[in-house]
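A.B. asks: Here it is: the structure, laid out below.
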Amino acid sequence: MADPRTLVTAGLLFRRARARTGHLGALAATVAVAVATVILILVVTGEAESRARAAAAAGTPVEDVDAAVAVGAASLASALPSLLLTVAVVAGAAVAQLGRLLAAAREHETETARARGLSRGQALLLHTTEAVIVGVAGTLAGSGIAAGLAAAIGGTDAATAALTQTAAAALIALLLAVILVSALARRSVTRRRGARATTIAAVALVVAAAALGLWQLGFARPGGFDPIVALTPTVVLLAAALAALAVFGVLARVAALPAARARGLETALGRRQVARRLPLSGVAVLLVALTVSQAILAGAFAGTWAAATTDSAALRVGTDLRVDLAPQSASPADLGASAAVDGVDAVAGAVTDLLEFGDDEVSLVALPAASAPVVMTDAGGAADPSALVRAVTGEEGDAGEAGAGEADVVRAAPVALGEGAAGLSITVSAQWTGADVSGALQPLAILLDARGTPAAVPLTVARSLSSIDGARVVAEAALPGGAAPWTLAALVMRVGPTPGVPAGTVTLEEISAVGGEALDLAGSVVFQGGEREQVIWLADGRERGPAAVPADALRVAVSEAFGARFGVAVGDRLDYRVAGTGRRGEVLVTAVVDAIPGASRADAVFAVTDDLLVASLQRGTSFALPGSVWAAGRLDSDAALSAALDDRAVRVAAPGVADRMVGVLVPGWWVAAGGAAVLALIATLAIVQSLALARGPELAVLRALGVTGARQARLRTGELGAILGGSALLGVVGGAAVALVLAEPLVRATTPGILAVALSLQPAWAPLIGVVAALAGGLVLIIVGASQRVRRAARDAVVGEEAR
C-alpha cells in the first residue's frame, strides 16, 4: 500500500525537477512565450477605439463616430478570438509534445516509483504540482516580457496596459497547465487503447469543421459577433497542418520503400530513420507547417485588408477629399476657397443625384470632363477615370456597337467669353400679342468657370425701349467669383411676376462679353401663353427658333452591377427620371465598367457635367447644380478643407472608423505569427534533442562500422533538413491554399466597409518574408547545432552493452 508520507514529498518533487531541468525550462519558456503573445495581442487590439476615433475625418458628427465605433467593436469581437485560439493551439501542441517527451524521459523512474507503491492519485498530484509551478513561472516571465516589449514599442502606457491583462495571462497559463498534466499522465496513469481510432476521429472532425466554416463564412456579415468568424481561421489552419502532416508521412514512407535495396548509406539510413520516427518528428512537422501557414494567412489578411479597405473607401468617396453640401450647391467661389487650401492640388464640383429607371433608383455621378481624370480616384486600379471620360465624350468607343446610335447624342460646346471678360451683356427684341411684358423679362445666363463648375447668373435689365414693332431690351450682369476664363453654356429667357404671360416671341439680337470677346450667337423662343421660362440659346450646336428642337440622348458609362440588373450593353438606350425633380431624359450606354467612383450604390452611371447640363436644358429650364466639392490632395488636409467650407463634414479616401477598429487585427496577426514561430522553434529544439537522445547508441555503432563523425553529422543534417525543410515547404503550400480560400472571405466577413469590386488577394510580402525567414533561420540554427553535437558525440562514442 502506498505511503504518502514517504512517496509524495517536496524533496521528491525537487529531485525530479532538478533531474529534468532542461525539459521543465523548455515548458516554462513555452508558457512564457504563449502568455506574452496573448498579452501583446490584447494590448495591440485594445487600442482599436482610441485609434479609430482619432482617425475620424474632420467635421464628422459625434453620433456618426459613435455608431461606427459600435459596428467596429462588434466586428472586432468576432475576429479577435481566432488570433487567440491559433496561439493557444500552437502553444498547446508544443506543451503537449514537450510533456510527452518529459514523460518518456522519466519512464524508468516512473516505473520504479510505481513499483515502490506510488499510486495514480499521487502521480497525478506530482504532475499537477509541476504543471502549476511551470505555469506560474511562465506567467510571471511572459508578463514581464510582454510589458518590456510593450514599453519599448508604445511607452509607459502600453506597458501598463500589458500588466492589466493579468487575467488573460493566467487563463492561458491554466489551459496549458491542464494540457501538461494530461501529457505527463498519459504514459503513467492511462492506457492508449483506441488511440488510433480517436486520432482519426479527431482529424475527421477538424476537416469537417473546416469545410463547414469555409462554407458558412461566405454568408457572414460584419457588425455583430459570429462564432463562424471566430473559429474558422483556426480550424482551417489546423486542417491544413494536419493535411501537411499526412502528406509528409506518406512521402516519408514512400521514399523509404526502396531504401532497403539502396547501396549508399546516406540514401538508406536517412530515409528509413525519417520513416521510422514519424511519431516523434511528426509533431515538429505539424508545428512548423502550422506556423508557416499562419504566417502566410497573416500576410494575406494584412495585405488584402489594407488594399480592400483603402480601395473601398476611395470608391465610396470618389476622390481624395470630398465635402457634400446638399441641399446647397457648390458655387465657383466654394471651389476657389477649396483650391486655396494647403495640400489640395485640384478641385471640381460633382453632381451626385439619383436617377430612376422604371421603379429602380441608381446613382448618378457627373464631373467636368477636364477635371474628372485629375480629381477622381482610380481606387487602386478598380476604376479608370480617363477611360470613363473618353467613353462618355465620344473619344473612344466601339463603332460597330455604339457608333450607329450616336447620331442624336448630346454634344455640349460652350462658347468662351475670353480671358479678360468681366461681364455679359445681351440685347433681345420681343413681340407680344397682348400686353407688353418686356419690362418683366429676367434673362438668366448659365456659365461655366475654368473648372467646369456651372453657375446660374441673373441678368439685370438695364434699359427697355418700346416701339410699334415691339420692344428692345438690354440686360447685363457681372461675372461671379470663380476661376477664369468663363464659358457660356445657355441663356434662359424668363418672365417675372406679372398678372399673366401673353403669347409672344423673344429674339436674341446681340450678345457680348464685357471686356472679352464678341459672341456671334443667335436664337429665338416662342412663348405660347402662360409659359414663363424658355431656353433661347443652348451650347448644343443647334439654333433655337419657332420650330421645336428634338432632345438628344446623354452618353453615360454604367457599372457592371447596373448592366447586370437592367440587362443592358454598350449601344443600348434607356429612359430615365431624375428622382424628386420630374426631369426626364434618355441615356445612351457607351461603356460598361467595373465601378463608378463616388457613387452611393453599386448600380451607377457616369456622365460629364456639361453634357448633363445640355441634356437637361434641351427638355426644360431646370438642371442639376453640383452638390459636392471633390478635391485631390493630401488626406491630412481634411481639417483645413472643412474650415474653408464652414466646418462641413469631410469624407476622406481612407478606411473609416469601423474599418480602422478592425484594422488592429493586422498587427495582431503579426504578433500571433511571431509568437507561434518562437513556440514552434522551442518545441522543435526539444524534439530534436529528444531524437538525439533516442539515437545516442547509434552513433557508436556507426563509428565502429567506420562512419566518421563528420559523415554522421552530414547524415543527421540531411535527415533534419528533410524533416524541417519538408514541413516548411508543406506549410508554404498549405498556407497558400488557406490564403487563397480564406483571406478574401475573412476580410469581407470582418470589415464593414468592403466593396466586392475592391476585394482581391494582395499579400503583404515584406513582413511575411521576414517572419518566414526568421523561422527558417531558427530551424537552420537548430539543424546546424544538432549536427555539430552529433559530430562531437560520434567522435568519442563507444559501443556499450546496451547497443550490441
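In the C-alpha cells, chains take the letters A, B, ... in the order shown, each chain's residues start at 1, and ligands count up from 1 in the order shown.
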Residues of range 759-801 of chain A that approach range 736-751 of chain A to 10 Å or less, counting only C-alpha atoms: could you list each one with the shortest pair of atoms and its distance in Å to one decimal, rows by chain and increasing residue number, as JSON lines?
C.D. replies:
{"residue": "A:Leu759", "atom": "CA", "partner": "A:Glu744", "partner_atom": "CA", "distance": 6.8}
{"residue": "A:Ser760", "atom": "CA", "partner": "A:Glu744", "partner_atom": "CA", "distance": 6.7}
{"residue": "A:Leu761", "atom": "CA", "partner": "A:Glu744", "partner_atom": "CA", "distance": 6.4}
{"residue": "A:Gln762", "atom": "CA", "partner": "A:Ala743", "partner_atom": "CA", "distance": 9.3}
{"residue": "A:Pro763", "atom": "CA", "partner": "A:Ala739", "partner_atom": "CA", "distance": 8.8}
A.B. asks: Would you save the residues from that selection as an mmCIF file, in the first residue's frame, using N, CA and C atoms?
C.D. replies:
data_model
loop_
_atom_site.group_PDB
_atom_site.id
_atom_site.type_symbol
_atom_site.label_atom_id
_atom_site.label_comp_id
_atom_site.auth_asym_id
_atom_site.auth_seq_id
_atom_site.Cartn_x
_atom_site.Cartn_y
_atom_site.Cartn_z
ATOM 1 N N LEU A 759 -12.119 43.996 -53.681
ATOM 2 C CA LEU A 759 -11.562 42.903 -52.893
ATOM 3 C C LEU A 759 -10.809 41.934 -53.784
ATOM 4 N N SER A 760 -9.523 41.824 -53.545
ATOM 5 C CA SER A 760 -8.689 40.858 -54.266
ATOM 6 C C SER A 760 -7.511 40.487 -53.374
ATOM 7 N N LEU A 761 -6.993 39.287 -53.572
ATOM 8 C CA LEU A 761 -5.901 38.780 -52.743
ATOM 9 C C LEU A 761 -4.612 39.538 -53.057
ATOM 10 N N GLN A 762 -4.092 40.252 -52.056
ATOM 11 C CA GLN A 762 -2.866 41.035 -52.223
ATOM 12 C C GLN A 762 -2.022 40.888 -50.960
ATOM 13 N N PRO A 763 -1.186 39.861 -50.874
ATOM 14 C CA PRO A 763 -0.402 39.632 -49.655
ATOM 15 C C PRO A 763 0.559 40.777 -49.335
#
A.B. asks: Select from range 545-684 of chain A everything DSSP, run on the backbone, classes as alpha helix (DSSP H), then give the selection as a PyMOL selection string.
C.D. replies: chain A and resi 560-566+609-617+638-644+657-663+665-684
A.B. asks: Leaving out Thr37 in chain A and any residue of its chain fewer than 3 positions from it, which residues lie within 8 Å of it when counting only C-alpha atoms, given as a tab-separated table (two decimals) with all heavy atoms, in the first residue's frame?
C.D. replies:
chain	number	residue	atom	x	y	z
A	33	VAL	N	6.23	32.36	-23.59
A	33	VAL	CA	6.03	32.92	-24.93
A	33	VAL	C	4.54	33.00	-25.25
A	33	VAL	O	4.07	33.99	-25.82
A	33	VAL	CB	6.78	32.07	-25.98
A	33	VAL	CG1	6.42	32.52	-27.38
A	33	VAL	CG2	8.28	32.17	-25.76
A	34	ALA	N	3.79	31.96	-24.90
A	34	ALA	CA	2.35	31.98	-25.15
A	34	ALA	C	1.68	33.11	-24.39
A	34	ALA	O	0.84	33.85	-24.94
A	34	ALA	CB	1.73	30.64	-24.78
A	40	LEU	N	0.30	40.67	-25.70
A	40	LEU	CA	0.60	41.67	-26.73
A	40	LEU	C	-0.53	41.78	-27.73
A	40	LEU	O	-0.84	42.89	-28.22
A	40	LEU	CB	1.91	41.30	-27.43
A	40	LEU	CG	3.18	41.48	-26.59
A	40	LEU	CD1	4.40	40.99	-27.36
A	40	LEU	CD2	3.37	42.96	-26.21
A	41	ILE	N	-1.17	40.67	-28.07
A	41	ILE	CA	-2.32	40.74	-28.97
A	41	ILE	C	-3.43	41.58	-28.35
A	41	ILE	O	-4.03	42.45	-29.01
A	41	ILE	CB	-2.84	39.32	-29.30
A	41	ILE	CG1	-1.84	38.59	-30.19
A	41	ILE	CG2	-4.19	39.38	-29.99
A	41	ILE	CD1	-2.21	37.14	-30.44
A	87	VAL	N	-2.94	30.92	-31.40
A	87	VAL	CA	-1.80	30.88	-30.48
A	87	VAL	C	-1.98	29.76	-29.47
A	87	VAL	O	-1.03	29.02	-29.15
A	87	VAL	CB	-1.63	32.24	-29.78
A	87	VAL	CG1	-0.54	32.16	-28.71
A	87	VAL	CG2	-1.29	33.32	-30.78
A	146	ALA	N	6.15	40.66	-22.01
A	146	ALA	CA	5.15	41.46	-22.71
A	146	ALA	C	5.20	42.92	-22.29
A	146	ALA	O	5.12	43.82	-23.13
A	146	ALA	CB	3.76	40.89	-22.43
A	671	VAL	N	1.70	39.70	-34.51
A	671	VAL	CA	2.14	39.29	-33.16
A	671	VAL	C	1.89	37.80	-32.97
A	671	VAL	O	2.74	37.06	-32.45
A	671	VAL	CB	1.40	40.11	-32.09
A	671	VAL	CG1	1.68	39.54	-30.70
A	671	VAL	CG2	1.82	41.57	-32.15
A	672	ALA	N	0.71	37.34	-33.40
A	672	ALA	CA	0.40	35.92	-33.27
A	672	ALA	C	1.35	35.07	-34.10
A	672	ALA	O	1.81	34.00	-33.65
A	672	ALA	CB	-1.05	35.67	-33.70
A	675	GLY	N	4.79	35.05	-32.32
A	675	GLY	CA	4.75	34.19	-31.14
A	675	GLY	C	4.69	32.72	-31.51
A	675	GLY	O	5.36	31.88	-30.88
A.B. asks: Which residue is closest to Arg565 in chain A? Choose from A:Glu361, A:Glu419, A:Asp311, A:Asp64 and count only C-alpha atoms.
C.D. replies: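 Under the stated criterion, the closest residue is A:Glu361.
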A.B. asks: Quick one: residues within 7 Å of range 449-463 of chain A, only C-alpha atoms counted, chain neighbours fewer than 6 positions away excluded, as a list in words?
C.D. replies: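 The filter keeps Ser331, Pro332, Ala348, Gly349, Pro368, Ser371, Gln442, Pro443, Val473, Val474, Ala475, Glu476, Ala477, Gly482, Ala483, Ala484, Pro485, Trp486, Thr487 and Leu625 of chain A.
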A.B. asks: Applying 12 Å and only C-alpha atoms, which residues near range 727-733 of chain A remain after dropping the ones on its own chain fewer than 4 positions away? List them as an MDAnalysis selection string.
C.D. replies: chainID A and resid 237:249 251:252 281:297 677 680 684 720:723 737:740 768:769 772:773 775:780
A.B. asks: Taking N, CA and C atoms for each residue, export the selection above as a short mmCIF file (atom, residue, chain, number, x, y, z; two decimals), in the first residue's frame.
C.D. replies:
data_model
loop_
_atom_site.label_atom_id
_atom_site.label_comp_id
_atom_site.auth_asym_id
_atom_site.auth_seq_id
_atom_site.Cartn_x
_atom_site.Cartn_y
_atom_site.Cartn_z
N LEU A 237 -6.65 26.49 -40.46
CA LEU A 237 -5.20 26.37 -40.33
C LEU A 237 -4.81 25.01 -39.76
N LEU A 238 -5.55 24.56 -38.77
CA LEU A 238 -5.25 23.25 -38.18
C LEU A 238 -5.48 22.13 -39.19
N ALA A 239 -6.54 22.26 -39.98
CA ALA A 239 -6.79 21.25 -41.01
C ALA A 239 -5.68 21.24 -42.05
N ALA A 240 -5.19 22.41 -42.41
CA ALA A 240 -4.08 22.47 -43.38
C ALA A 240 -2.82 21.85 -42.80
N ALA A 241 -2.55 22.09 -41.51
CA ALA A 241 -1.37 21.50 -40.88
C ALA A 241 -1.50 19.97 -40.79
N LEU A 242 -2.68 19.48 -40.48
CA LEU A 242 -2.90 18.03 -40.45
C LEU A 242 -2.74 17.43 -41.84
N ALA A 243 -3.22 18.14 -42.85
CA ALA A 243 -3.02 17.67 -44.23
C ALA A 243 -1.54 17.62 -44.57
N ALA A 244 -0.79 18.64 -44.15
CA ALA A 244 0.65 18.64 -44.39
C ALA A 244 1.32 17.46 -43.68
N LEU A 245 0.88 17.18 -42.45
CA LEU A 245 1.44 16.04 -41.72
C LEU A 245 1.14 14.73 -42.43
N ALA A 246 -0.08 14.59 -42.92
CA ALA A 246 -0.45 13.36 -43.63
C ALA A 246 0.36 13.19 -44.90
N VAL A 247 0.52 14.28 -45.64
CA VAL A 247 1.31 14.22 -46.88
C VAL A 247 2.76 13.89 -46.56
N PHE A 248 3.30 14.49 -45.51
CA PHE A 248 4.69 14.21 -45.13
C PHE A 248 4.85 12.74 -44.77
N GLY A 249 3.91 12.18 -44.01
CA GLY A 249 4.01 10.78 -43.64
C GLY A 249 3.97 9.86 -44.85
N LEU A 251 4.80 10.65 -47.96
CA LEU A 251 6.04 10.82 -48.72
C LEU A 251 7.21 10.13 -48.04
N ALA A 252 7.27 10.22 -46.70
CA ALA A 252 8.37 9.59 -45.97
C ALA A 252 8.34 8.07 -46.14
N SER A 281 8.90 12.92 -34.87
CA SER A 281 9.16 14.05 -35.76
C SER A 281 7.88 14.64 -36.33
N GLY A 282 6.79 13.86 -36.31
CA GLY A 282 5.53 14.37 -36.87
C GLY A 282 5.02 15.60 -36.15
N VAL A 283 5.26 15.68 -34.84
CA VAL A 283 4.83 16.87 -34.10
C VAL A 283 5.58 18.11 -34.59
N ALA A 284 6.87 17.95 -34.86
CA ALA A 284 7.64 19.08 -35.40
C ALA A 284 7.10 19.47 -36.77
N VAL A 285 6.77 18.47 -37.58
CA VAL A 285 6.18 18.76 -38.89
C VAL A 285 4.89 19.54 -38.73
N LEU A 286 4.04 19.08 -37.80
CA LEU A 286 2.76 19.75 -37.58
C LEU A 286 2.95 21.19 -37.13
N LEU A 287 3.85 21.41 -36.17
CA LEU A 287 4.04 22.76 -35.64
C LEU A 287 4.65 23.69 -36.67
N VAL A 288 5.67 23.22 -37.38
CA VAL A 288 6.31 24.08 -38.38
C VAL A 288 5.34 24.40 -39.51
N ALA A 289 4.62 23.39 -39.99
CA ALA A 289 3.65 23.63 -41.06
C ALA A 289 2.55 24.58 -40.60
N LEU A 290 2.06 24.39 -39.38
CA LEU A 290 1.02 25.28 -38.85
C LEU A 290 1.52 26.71 -38.72
N THR A 291 2.76 26.87 -38.25
CA THR A 291 3.32 28.21 -38.07
C THR A 291 3.52 28.91 -39.41
N VAL A 292 4.07 28.19 -40.38
CA VAL A 292 4.27 28.79 -41.70
C VAL A 292 2.93 29.15 -42.33
N SER A 293 1.95 28.26 -42.22
CA SER A 293 0.62 28.54 -42.77
C SER A 293 0.00 29.76 -42.11
N GLN A 294 0.17 29.87 -40.79
CA GLN A 294 -0.38 31.02 -40.09
C GLN A 294 0.29 32.32 -40.55
N ALA A 295 1.60 32.28 -40.74
CA ALA A 295 2.30 33.48 -41.22
C ALA A 295 1.81 33.89 -42.61
N ILE A 296 1.59 32.90 -43.47
CA ILE A 296 1.11 33.23 -44.82
C ILE A 296 -0.30 33.80 -44.75
N LEU A 297 -1.16 33.21 -43.91
CA LEU A 297 -2.50 33.77 -43.76
C LEU A 297 -2.45 35.18 -43.19
N ALA A 677 5.88 31.37 -34.18
CA ALA A 677 7.19 30.97 -34.68
C ALA A 677 8.15 30.64 -33.54
N ALA A 680 7.09 27.34 -32.00
CA ALA A 680 7.47 26.22 -32.86
C ALA A 680 8.97 25.93 -32.75
N THR A 684 10.47 22.50 -31.48
CA THR A 684 11.32 21.78 -32.43
C THR A 684 12.68 21.48 -31.83
N LEU A 720 17.40 15.89 -40.65
CA LEU A 720 16.68 17.03 -40.07
C LEU A 720 16.26 18.03 -41.13
N GLY A 721 17.12 18.22 -42.15
CA GLY A 721 16.74 19.11 -43.24
C GLY A 721 15.52 18.61 -43.98
N ALA A 722 15.46 17.28 -44.19
CA ALA A 722 14.29 16.72 -44.86
C ALA A 722 13.04 16.89 -44.01
N ILE A 723 13.17 16.69 -42.69
CA ILE A 723 12.01 16.81 -41.81
C ILE A 723 11.54 18.26 -41.71
N ALA A 737 -2.76 27.66 -49.92
CA ALA A 737 -4.14 27.19 -50.15
C ALA A 737 -5.11 27.85 -49.17
N VAL A 738 -4.70 27.97 -47.90
CA VAL A 738 -5.56 28.62 -46.90
C VAL A 738 -5.79 30.08 -47.26
N ALA A 739 -4.72 30.77 -47.65
CA ALA A 739 -4.86 32.18 -48.02
C ALA A 739 -5.77 32.33 -49.23
N LEU A 740 -5.66 31.41 -50.16
CA LEU A 740 -6.47 31.50 -51.38
C LEU A 740 -7.96 31.36 -51.09
N LEU A 768 5.70 39.25 -44.31
CA LEU A 768 5.55 37.81 -44.46
C LEU A 768 6.90 37.14 -44.69
N ILE A 769 7.67 37.69 -45.60
CA ILE A 769 9.00 37.12 -45.86
C ILE A 769 9.88 37.23 -44.62
N VAL A 772 8.74 34.41 -42.09
CA VAL A 772 9.13 33.08 -42.58
C VAL A 772 10.64 32.93 -42.59
N ALA A 773 11.34 33.99 -42.97
CA ALA A 773 12.80 33.93 -42.98
C ALA A 773 13.35 33.75 -41.56
N LEU A 775 11.81 32.29 -39.05
CA LEU A 775 11.54 30.91 -38.68
C LEU A 775 12.51 29.96 -39.37
N ALA A 776 12.74 30.16 -40.66
CA ALA A 776 13.68 29.31 -41.39
C ALA A 776 15.09 29.43 -40.82
N GLY A 777 15.47 30.66 -40.46
CA GLY A 777 16.79 30.84 -39.86
C GLY A 777 16.92 30.11 -38.53
N GLY A 778 15.87 30.16 -37.72
CA GLY A 778 15.90 29.42 -36.47
C GLY A 778 15.99 27.92 -36.68
N LEU A 779 15.27 27.40 -37.67
CA LEU A 779 15.34 25.97 -37.98
C LEU A 779 16.73 25.58 -38.47
N VAL A 780 17.35 26.45 -39.27
CA VAL A 780 18.72 26.17 -39.75
C VAL A 780 19.69 26.11 -38.57
#
A.B. asks: Just give me the gap between CA of Leu83 in chain A and CA of Ile39 in chain A in Å, one decimal is fine.
C.D. replies: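 It comes out at 11.6 Å.
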A.B. asks: Give me the residues of range 577-677 of chain A that have any atom at most 10 Å from an atom of range 492-516 of chain A; for each, the nearest atom pair and the distance in Å, rounded to one decimal. Use only C-alpha atoms, sort by chain and number, and format it as a Markdown table.
C.D. replies:
| residue | atom | partner | partner_atom | distance |
| --- | --- | --- | --- | --- |
| A:Leu617 | CA | A:Val492 | CA | 9.1 |
| A:Gly620 | CA | A:Val492 | CA | 9.9 |
| A:Thr621 | CA | A:Val492 | CA | 7.1 |
| A:Ser622 | CA | A:Val492 | CA | 9.9 |
